[in-house]
>>> print(open('model.txt').read())   # compact mmCIF, C-alpha atoms
# COMPACT_ATOMS: atom_id res chain seq x y z
CA MET A 3 17.74 21.89 6.40
CA LYS A 4 19.08 20.75 3.05
CA PRO A 5 21.79 18.15 3.65
CA ASN A 6 25.19 18.43 1.99
CA ARG A 7 24.17 21.54 0.11
CA LYS A 8 27.19 23.61 0.83
CA LYS A 9 30.66 22.78 2.08
CA TYR A 10 31.74 24.09 5.46
CA SER A 11 33.28 27.51 5.31
CA GLN A 12 37.08 27.34 5.08
CA LYS A 13 37.41 30.60 7.01
CA SER A 14 37.44 28.82 10.37
CA GLY A 15 40.87 27.37 9.78
CA PHE A 16 39.76 23.84 10.64
CA LYS A 17 40.94 21.08 8.35
CA ILE A 18 39.92 17.48 7.84
CA PRO A 19 41.99 14.61 6.50
CA GLU A 20 41.82 14.19 2.78
CA ASP A 21 38.91 11.99 1.63
CA TYR A 22 37.52 11.94 5.17
CA PHE A 23 33.92 11.99 3.96
CA ARG A 24 34.50 9.52 1.15
CA ASN A 25 32.88 6.19 2.10
CA PHE A 26 31.94 7.70 5.46
CA GLU A 27 28.60 5.80 5.56
CA GLU A 28 30.29 2.45 4.95
CA LYS A 29 32.85 3.16 7.66
CA ILE A 30 30.16 3.90 10.23
CA MET A 31 28.17 0.83 9.23
CA ARG A 32 31.25 -1.40 9.50
CA GLN A 33 31.94 0.04 12.92
CA LEU A 34 28.38 -0.61 14.07
CA GLU A 35 28.53 -4.18 12.84
CA SER A 36 31.82 -4.85 14.60
CA GLU A 37 30.46 -3.39 17.80
CA GLU A 38 27.36 -5.57 17.64
CA SER A 39 29.22 -8.38 19.30
CA VAL A 40 28.82 -6.96 22.79
CA GLU A 41 29.05 -9.40 25.65
CA LEU A 42 25.57 -10.84 26.02
CA PRO A 43 24.43 -14.27 27.17
CA VAL A 44 24.03 -17.08 24.65
CA ARG A 45 21.25 -16.53 22.14
CA LYS A 46 18.65 -18.58 23.98
CA SER A 47 15.60 -16.95 25.42
CA GLY A 48 14.77 -19.91 27.68
CA PHE A 49 11.23 -20.14 26.30
CA LYS A 50 9.90 -23.55 25.28
CA THR A 51 6.64 -24.91 23.91
CA PRO A 52 4.47 -27.83 25.03
CA SER A 53 5.57 -31.09 23.46
CA GLY A 54 4.09 -31.57 19.97
CA TYR A 55 2.62 -28.07 19.95
CA PHE A 56 3.54 -27.31 16.34
CA GLU A 57 2.32 -30.65 15.01
CA ASN A 58 -1.42 -29.98 15.19
CA ILE A 59 -1.63 -26.24 14.89
CA GLU A 60 -2.64 -26.29 11.21
CA ASP A 61 -5.83 -28.23 12.06
CA ASN A 62 -6.62 -25.96 15.01
CA ILE A 63 -6.36 -22.84 12.86
CA LEU A 64 -8.13 -24.32 9.83
CA SER A 65 -11.06 -25.33 12.03
CA ARG A 66 -11.46 -21.67 12.94
CA VAL A 67 -11.66 -20.43 9.37
CA GLU A 68 -14.15 -22.99 8.09
CA PRO A 69 -17.35 -21.26 6.95
CA GLY A 70 -20.12 -21.07 9.51
CA LYS A 71 -17.91 -21.63 12.53
CA PRO A 72 -18.36 -18.90 15.15
CA LYS A 73 -15.39 -17.45 16.94
CA VAL A 74 -14.69 -19.65 19.92
CA ILE A 75 -13.42 -18.37 23.21
CA ARG A 76 -11.20 -20.49 25.40
CA LEU A 77 -13.54 -21.57 28.19
CA LEU A 78 -10.79 -23.50 29.89
CA ARG A 79 -9.37 -20.30 31.27
CA LYS A 80 -10.60 -19.84 34.78
CA GLU A 81 -11.09 -16.11 34.41
CA TYR A 82 -13.22 -16.59 31.27
CA LEU A 83 -15.36 -19.15 33.10
CA PHE A 84 -16.21 -16.62 35.76
CA TYR A 85 -16.95 -13.87 33.26
CA ALA A 86 -19.09 -16.21 31.18
CA ALA A 87 -20.97 -17.36 34.25
CA ALA A 88 -21.67 -13.84 35.41
CA VAL A 89 -22.92 -12.56 32.08
CA ALA A 90 -24.90 -15.75 31.43
CA ALA A 91 -26.60 -15.27 34.79
CA ILE A 92 -27.56 -11.76 33.82
CA PHE A 93 -28.97 -12.97 30.50
CA VAL A 94 -31.00 -15.72 32.14
CA LEU A 95 -32.40 -13.35 34.72
CA PHE A 96 -33.36 -10.80 32.14
CA LEU A 97 -34.96 -13.32 29.87
CA GLY A 98 -36.58 -15.34 32.64
CA ASN A 99 -37.80 -12.67 35.01
CA PHE A 100 -38.27 -9.43 33.14
CA PHE A 101 -39.51 -10.29 29.68
CA ASN A 102 -42.00 -13.05 30.30
CA ASN A 103 -44.64 -10.65 31.54
CA GLY A 104 -47.33 -10.82 28.89
CA ILE A 105 -45.60 -13.61 27.01
CA ASN A 106 -47.29 -17.01 27.17
CA ASP A 107 -44.17 -19.12 26.76
CA PRO A 108 -41.41 -17.99 29.08
CA ILE A 109 -38.12 -17.55 27.34
CA GLY A 110 -35.50 -19.91 28.73
CA TRP A 111 -31.86 -20.69 28.50
CA ASP A 112 -32.32 -22.59 25.23
CA ASP A 113 -33.48 -19.39 23.54
CA VAL A 114 -30.26 -17.57 24.24
CA GLU A 115 -27.94 -17.41 21.26
CA VAL A 116 -24.87 -18.84 22.95
CA SER A 117 -22.39 -17.93 20.26
CA ALA A 118 -23.63 -14.32 20.31
CA MET A 119 -23.20 -14.25 24.05
CA GLU A 120 -19.72 -15.73 23.81
CA ASN A 121 -18.79 -13.14 21.22
CA TYR A 122 -20.14 -10.40 23.44
CA ILE A 123 -18.14 -11.65 26.41
CA ASN A 124 -15.04 -12.14 24.34
CA GLU A 125 -15.21 -8.73 22.72
CA GLY A 126 -16.17 -7.00 25.93
CA TYR A 127 -13.37 -8.68 27.80
CA ASP A 128 -10.83 -7.76 25.12
CA MET A 129 -12.09 -4.21 24.72
CA GLY A 130 -12.29 -3.66 28.44
CA TYR A 131 -15.98 -2.85 28.76
CA ILE A 132 -16.58 -6.05 30.70
CA ASP A 133 -14.48 -5.82 33.78
CA LEU A 134 -15.89 -8.02 36.49
CA ASN A 135 -14.41 -8.94 39.78
CA THR A 136 -14.23 -12.71 40.39
CA SER A 137 -15.33 -12.30 44.01
CA ASP A 138 -18.71 -11.00 42.79
CA TYR A 139 -19.80 -14.27 41.25
CA SER A 140 -17.84 -17.01 42.92
CA ASP A 141 -21.07 -18.96 43.57
CA PHE A 142 -21.76 -19.63 39.90
CA MET A 143 -20.72 -23.01 38.60
CA PHE A 144 -19.96 -24.61 35.26
CA GLN A 145 -20.34 -28.32 34.74
CA GLY A 146 -19.14 -29.71 31.42
CA ASN A 147 -19.22 -26.16 30.03
CA GLN A 148 -22.90 -25.82 31.05
CA LEU A 149 -24.07 -23.26 33.50
CA VAL A 150 -25.92 -25.01 36.33
CA ASN A 151 -28.10 -24.05 39.28
CA ASP A 152 -30.72 -22.18 37.24
CA GLU A 153 -33.10 -22.22 40.21
CA ASP A 154 -30.76 -20.02 42.12
CA PHE A 155 -30.67 -17.55 39.26
CA ASN A 156 -34.45 -17.35 39.08
CA SER A 157 -34.78 -16.84 42.81
CA MET A 158 -32.38 -13.91 42.79
CA ASN A 159 -33.71 -10.51 43.65
CA SER A 160 -34.36 -8.51 40.50
CA GLU A 161 -33.54 -5.21 42.18
CA ALA A 162 -30.11 -6.58 43.07
CA VAL A 163 -29.54 -7.63 39.48
CA PHE A 164 -30.48 -4.20 38.12
CA GLU A 165 -28.18 -2.63 40.65
CA TYR A 166 -25.39 -5.01 39.67
CA ILE A 167 -25.80 -4.20 35.98
CA ASP A 168 -25.92 -0.48 36.69
CA GLU A 169 -22.70 -0.64 38.64
CA ASN A 170 -20.74 -3.06 36.51
CA ILE A 171 -21.82 -2.83 32.90
CA GLU A 172 -20.89 0.33 31.07
CA ASP A 173 -23.79 0.18 28.62
CA PRO A 174 -26.56 -2.10 29.97
CA THR A 175 -28.72 -1.67 26.86
CA PHE A 176 -26.05 -3.49 24.85
CA ILE A 177 -26.75 -6.87 26.43
CA LEU A 178 -30.45 -6.61 25.63
CA GLU A 179 -29.86 -6.29 21.92
CA MET B 29 11.04 -18.28 -0.37
CA SER B 30 11.69 -16.89 -3.85
CA GLN B 31 9.54 -14.06 -5.20
CA ASN B 32 8.14 -16.39 -7.83
CA SER B 33 7.02 -19.08 -5.40
CA GLU B 34 5.61 -16.43 -3.06
CA ASP B 35 3.55 -14.99 -5.93
CA GLN B 36 2.28 -18.48 -6.74
CA LEU B 37 1.32 -19.10 -3.13
CA VAL B 38 -0.53 -15.77 -2.92
CA LYS B 39 -2.46 -16.61 -6.09
CA ARG B 40 -3.47 -19.97 -4.65
CA LEU B 41 -4.44 -18.32 -1.37
CA GLN B 42 -6.63 -15.85 -3.21
CA SER B 43 -8.37 -18.47 -5.35
CA SER B 44 -11.36 -20.08 -3.63
CA SER B 45 -10.64 -23.52 -5.12
CA THR B 46 -7.09 -23.71 -3.72
CA SER B 47 -7.18 -21.37 -0.73
CA HIS B 48 -7.71 -24.03 1.94
CA GLU B 49 -4.78 -26.18 0.85
CA ALA B 50 -2.56 -23.16 0.28
CA PHE B 51 -3.43 -21.79 3.69
CA ARG B 52 -2.37 -25.03 5.34
CA GLU B 53 0.92 -24.71 3.48
CA LEU B 54 1.29 -21.11 4.60
CA ILE B 55 0.73 -22.06 8.25
CA SER B 56 3.34 -24.83 8.00
CA LEU B 57 5.84 -22.43 6.48
CA TYR B 58 5.45 -19.62 8.98
CA LYS B 59 3.98 -21.08 12.18
CA GLU B 60 7.28 -21.38 14.03
CA ARG B 61 8.74 -18.06 12.90
CA LEU B 62 5.58 -16.15 13.80
CA TYR B 63 5.22 -18.09 17.05
CA TRP B 64 8.67 -17.04 18.26
CA HIS B 65 8.15 -13.49 17.05
CA ILE B 66 5.00 -13.25 19.18
CA ARG B 67 6.47 -15.20 22.08
CA ASN B 68 9.38 -12.80 22.38
CA MET B 69 6.89 -9.99 22.77
CA VAL B 70 4.30 -11.53 25.12
CA LYS B 71 6.56 -14.16 26.81
CA ASN B 72 3.77 -16.53 27.87
CA HIS B 73 2.90 -19.63 25.80
CA ASP B 74 -0.91 -19.54 26.21
CA ASP B 75 -1.10 -15.90 25.21
CA THR B 76 1.22 -16.58 22.27
CA ASP B 77 -0.95 -19.48 21.12
CA ASP B 78 -4.07 -17.27 21.17
CA ILE B 79 -2.35 -14.46 19.29
CA LEU B 80 -0.77 -16.81 16.75
CA GLN B 81 -4.14 -18.35 15.92
CA ASN B 82 -5.79 -14.92 15.70
CA THR B 83 -2.95 -13.77 13.46
CA PHE B 84 -3.45 -16.62 11.00
CA VAL B 85 -7.23 -16.18 11.05
CA LYS B 86 -6.73 -12.49 10.26
CA ILE B 87 -4.29 -13.38 7.47
CA TYR B 88 -6.83 -15.80 6.00
CA ARG B 89 -9.66 -13.27 6.17
CA ASN B 90 -7.61 -10.48 4.64
CA ILE B 91 -5.55 -12.30 2.06
CA ALA B 92 -7.89 -11.08 -0.70
CA GLN B 93 -6.82 -7.51 0.12
CA PHE B 94 -3.11 -8.37 -0.07
CA LYS B 95 -1.91 -6.55 -3.19
CA GLY B 96 1.73 -7.56 -3.07
CA ASP B 97 2.99 -4.03 -2.31
CA SER B 98 5.19 -5.61 0.34
CA LYS B 99 6.53 -9.13 0.80
CA LEU B 100 4.04 -11.64 2.14
CA TYR B 101 6.18 -12.50 5.18
CA SER B 102 6.60 -8.84 6.12
CA TRP B 103 2.83 -8.33 5.89
CA MET B 104 2.28 -11.34 8.14
CA TYR B 105 4.91 -10.23 10.65
CA ARG B 106 3.23 -6.83 10.82
CA ILE B 107 -0.13 -8.44 11.56
CA ALA B 108 1.49 -10.60 14.27
CA THR B 109 3.21 -7.54 15.75
CA ASN B 110 0.01 -5.50 15.79
CA GLU B 111 -1.98 -8.35 17.30
CA SER B 112 0.63 -8.74 20.05
CA ILE B 113 0.73 -5.04 20.85
CA THR B 114 -3.08 -4.81 20.91
CA TYR B 115 -3.23 -7.86 23.16
CA LEU B 116 -0.73 -6.43 25.62
CA ASN B 117 -2.43 -3.03 25.67
CA ASN B 118 -5.82 -4.62 26.32
CA LYS B 119 -4.39 -6.78 29.06
CA ALA B 120 -2.78 -3.78 30.77
CA ARG B 121 -6.05 -1.84 30.55
CA ARG B 122 -8.01 -4.77 31.91
CA LEU B 123 -5.66 -5.09 34.87
CA GLN B 124 -5.63 -1.28 35.23
CA ILE B 125 -1.85 -1.10 35.18
CA THR B 126 0.63 0.54 32.83
CA SER B 127 2.37 -1.35 30.02
CA GLU B 128 5.63 -1.16 31.98
CA GLU B 129 4.00 -2.64 35.07
CA LEU B 130 2.48 -5.41 32.97
CA GLN B 131 5.85 -6.22 31.44
CA ASN B 132 7.47 -6.42 34.88
CA GLN B 133 4.63 -8.64 36.08
CA ILE B 134 5.09 -10.97 33.09
CA ILE B 135 8.82 -11.26 33.71
CA ASP B 136 8.28 -11.87 37.43
CA ASN B 137 6.02 -14.78 36.48
CA LEU B 138 8.69 -16.39 34.28
CA GLU B 139 10.36 -18.24 37.13
CA SER B 140 7.20 -20.22 37.83
CA ASP B 141 6.33 -20.67 34.13
CA VAL B 142 6.53 -24.35 33.16
CA PHE B 143 7.36 -23.32 29.60
CA PHE B 144 10.37 -21.29 30.62
CA GLU B 145 13.60 -23.15 31.21
CA GLY B 146 15.97 -20.21 31.34
CA ASP B 147 18.37 -19.57 34.19
CA GLN B 148 18.94 -16.41 36.22
CA ILE B 149 21.04 -14.86 33.44
CA GLN B 150 18.22 -15.29 30.95
CA ILE B 151 15.72 -13.80 33.38
CA LYS B 152 18.09 -10.88 33.87
CA LEU B 153 18.34 -10.55 30.11
CA GLN B 154 14.55 -10.35 29.87
CA LYS B 155 14.54 -7.69 32.58
CA ALA B 156 17.16 -5.77 30.65
CA ILE B 157 15.12 -5.98 27.44
CA ALA B 158 12.08 -4.67 29.34
CA THR B 159 13.97 -1.46 30.14
CA LEU B 160 14.28 -0.60 26.43
CA PRO B 161 11.77 1.55 24.53
CA ASP B 162 9.21 -0.58 22.64
CA LYS B 163 10.77 -0.12 19.22
CA GLN B 164 14.25 -1.02 20.47
CA GLN B 165 12.81 -4.12 22.17
CA GLN B 166 11.34 -5.22 18.86
CA VAL B 167 14.57 -4.62 16.99
CA PHE B 168 16.63 -6.39 19.62
CA ASN B 169 14.36 -9.45 19.77
CA MET B 170 14.21 -9.74 15.99
CA LYS B 171 17.96 -9.56 15.60
CA TYR B 172 19.22 -11.32 18.72
CA PHE B 173 16.72 -14.15 19.21
CA GLU B 174 14.97 -14.46 15.84
CA GLU B 175 18.20 -13.81 13.90
CA LEU B 176 16.44 -11.94 11.12
CA LYS B 177 18.51 -10.13 8.54
CA TYR B 178 18.51 -6.34 8.60
CA ARG B 179 17.03 -6.42 5.11
CA GLU B 180 14.10 -8.51 6.35
CA MET B 181 13.67 -6.36 9.46
CA ALA B 182 13.66 -3.24 7.29
CA GLU B 183 10.83 -4.73 5.21
CA ILE B 184 8.80 -5.67 8.26
CA LEU B 185 9.31 -2.49 10.27
CA ASP B 186 9.36 -0.18 7.26
CA THR B 187 12.60 1.40 8.43
CA SER B 188 15.99 1.79 6.78
CA GLU B 189 18.66 -0.82 7.42
CA GLY B 190 20.98 1.89 8.71
CA ALA B 191 18.46 3.04 11.32
CA LEU B 192 17.94 -0.57 12.41
CA LYS B 193 21.66 -1.19 12.78
CA ALA B 194 21.99 1.93 14.90
CA SER B 195 18.94 0.96 16.96
CA TYR B 196 20.25 -2.57 17.56
CA HIS B 197 23.64 -1.22 18.51
CA ILE B 198 22.15 1.19 21.06
CA ALA B 199 19.88 -1.54 22.45
CA SER B 200 22.78 -3.99 22.84
CA LYS B 201 24.86 -1.38 24.63
CA LYS B 202 22.04 -0.58 27.04
CA ILE B 203 21.51 -4.25 27.77
CA GLU B 204 25.20 -4.82 28.30
CA GLU B 205 25.31 -1.93 30.76
CA TYR B 206 22.23 -3.24 32.57
CA LEU B 207 23.75 -6.70 32.89
CA LYS B 208 27.00 -5.30 34.23
CA SER B 209 25.37 -3.06 36.81
CA ASN B 210 22.66 -5.44 38.05
>>> encode(input="model.txt", output="structure tokens")
Amino acid sequence: MKPNRKKYSQKSGFKIPEDYFRNFEEKIMRQLESEESVELPVRKSGFKTPSGYFENIEDNILSRVEPGKPKVIRLLRKEYLFYAAAVAAIFVLFLGNFFNNGINDPIGWDDVEVSAMENYINEGYDMGYIDLNTSDYSDFMFQGNQLVNDEDFNSMNSEAVFEYIDENIEDPTFILE
Amino acid sequence: MSQNSEDQLVKRLQSSSTSHEAFRELISLYKERLYWHIRNMVKNHDDTDDILQNTFVKIYRNIAQFKGDSKLYSWMYRIATNESITYLNNKARRLQITSEELQNQIIDNLESDVFFEGDQIQIKLQKAIATLPDKQQQVFNMKYFEELKYREMAEILDTSEGALKASYHIASKKIEEYLKSN
């Protein structure tokens, strides 16, 4: 439809006040602005920030963009701790139990690229392809951001681990890359 | 910020010798505005902090591609908005609930949130905002809480000022009706 192309037919007999359409847009806009003042509570959302939050944020952000710094996930969050523990356990089991056949020096925890693992967890968690239930791995512990109780991991049944990966990880080959 | 000083800042951001210092300046200039823009969308401080930091990191990493076709602040607001929406969508998918259910859950948690000091009226206001379509929520938050000018909102949302005025008017009316009937 082409707007304002042709005036309304006068045959209907309807009339409009003179200059009705002149400055019509401004009239509507003025009306909208005057009606904006509907009765709403005071303009306070009620949200607040931790004390001093804005004072140090520049340094926090700048530390993340310095060259060579990997993306860091917030390990203080309880849910992330559990996810990290579960996936770390899977990595250790794979590296410790399945790939040292035929290899003289067993691959251990120190060989795992931690930042790569963190990135995997972070991305998987954000993208939704890691979706673990906290009740599945409540026995895993972190101490000072280190995963502990390696002996327990190595004594775990490999069949059970394969089954766990099959059931819970959408694409198990991804974590072996 | 005048167009001239914005252009200068962008040049410094895009030059490797001055980018670090200019970026610190940029964060100082916009940290609070972007924080509150994100906070109004996601409500929770920790989530806002994560998104704000990701937003600035993304700005830093993409500043070389900024061609000045739009204002710098509107480009940054758009990144913050997209980051917030993506975050909320991912969270809803992770929890296997709809966006509406997530929003209700977030508002239900406000009463026990140590970084929320609003009273029952403000909680009711948040509930009323949650009933609006996404776009109207954005417009309402930007006008009512962030007190942005229609001209600025039009730049950020790439919409005409007239459409924004109409949208804000409709949103306010709906909220008023919600508050009266609940």
>>> interface_residues(input="model.txt", of="chain B", to="chain A", cutoff="8 Å", atoms="only C-alpha atoms", output="PyMOL selection string")
chain B and resi 48+52+55-56+59-60+71+73+81+84-85+88+115+118-119+121-122+143-147+149-150+153+172-173+190+193-194+196-197+200-201+203-204
>>> write_last_selection(input="model.txt", atoms="C-alpha atoms", output="tab-separated table (two decimals), in the coordinates of the input")
chain	number	residue	atom	x	y	z
B	48	HIS	CA	-7.71	-24.03	1.94
B	52	ARG	CA	-2.37	-25.03	5.34
B	55	ILE	CA	0.73	-22.06	8.25
B	56	SER	CA	3.34	-24.83	8.00
B	59	LYS	CA	3.98	-21.08	12.18
B	60	GLU	CA	7.28	-21.38	14.03
B	71	LYS	CA	6.56	-14.16	26.81
B	73	HIS	CA	2.90	-19.63	25.80
B	81	GLN	CA	-4.14	-18.35	15.92
B	84	PHE	CA	-3.45	-16.62	11.00
B	85	VAL	CA	-7.23	-16.18	11.05
B	88	TYR	CA	-6.83	-15.80	6.00
B	115	TYR	CA	-3.23	-7.86	23.16
B	118	ASN	CA	-5.82	-4.62	26.32
B	119	LYS	CA	-4.39	-6.78	29.06
B	121	ARG	CA	-6.05	-1.84	30.55
B	122	ARG	CA	-8.01	-4.77	31.91
B	143	PHE	CA	7.36	-23.32	29.60
B	144	PHE	CA	10.37	-21.29	30.62
B	145	GLU	CA	13.60	-23.15	31.21
B	146	GLY	CA	15.97	-20.21	31.34
B	147	ASP	CA	18.37	-19.57	34.19
B	149	ILE	CA	21.04	-14.86	33.44
B	150	GLN	CA	18.22	-15.29	30.95
B	153	LEU	CA	18.34	-10.55	30.11
B	172	TYR	CA	19.22	-11.32	18.72
B	173	PHE	CA	16.72	-14.15	19.21
B	190	GLY	CA	20.98	1.89	8.71
B	193	LYS	CA	21.66	-1.19	12.78
B	194	ALA	CA	21.99	1.93	14.90
B	196	TYR	CA	20.25	-2.57	17.56
B	197	HIS	CA	23.64	-1.22	18.51
B	200	SER	CA	22.78	-3.99	22.84
B	201	LYS	CA	24.86	-1.38	24.63
B	203	ILE	CA	21.51	-4.25	27.77
B	204	GLU	CA	25.20	-4.82	28.30
>>> atom_distance(input="model.txt", atom1="CA of Ile79 (chain B)", atom2="CA of Ala158 (chain B)")
20.1 Å
>>> atom_distance(input="model.txt", atom1="CA of Arg61 (chain B)", atom2="CA of Val38 (chain B)")
18.5 Å
>>> atom_distance(input="model.txt", atom1="CA of Ser45 (chain B)", atom2="CA of Asn90 (chain B)")
16.6 Å
>>> residues_around(input="model.txt", residues="Glu183 (chain B)", least_positions_apart="6", cutoff="9 Å", atoms="all atoms listed in the file", output="PDB file with C-alpha atoms, keeping the file's coordinate frame")
ATOM      1  CA  SER B  98       5.190  -5.610   0.340  1.00  0.00           C
ATOM      2  CA  LYS B  99       6.530  -9.130   0.800  1.00  0.00           C
ATOM      3  CA  SER B 102       6.600  -8.840   6.120  1.00  0.00           C
ATOM      4  CA  TRP B 103       2.830  -8.330   5.890  1.00  0.00           C
TER       5      TRP B 103
END
>>> residues_around(input="model.txt", residues="region 131-135 of chain B", least_positions_apart="2", cutoff="12 Å", atoms="all atoms listed in the file", output="JSON, numbers by chain")
{"A": [49], "B": [67, 68, 69, 70, 71, 72, 73, 75, 113, 116, 117, 119, 120, 123, 125, 126, 127, 128, 129, 137, 138, 139, 140, 141, 144, 146, 148, 150, 151, 152, 153, 154, 155, 156, 157, 158, 159, 160, 161, 162, 165]}
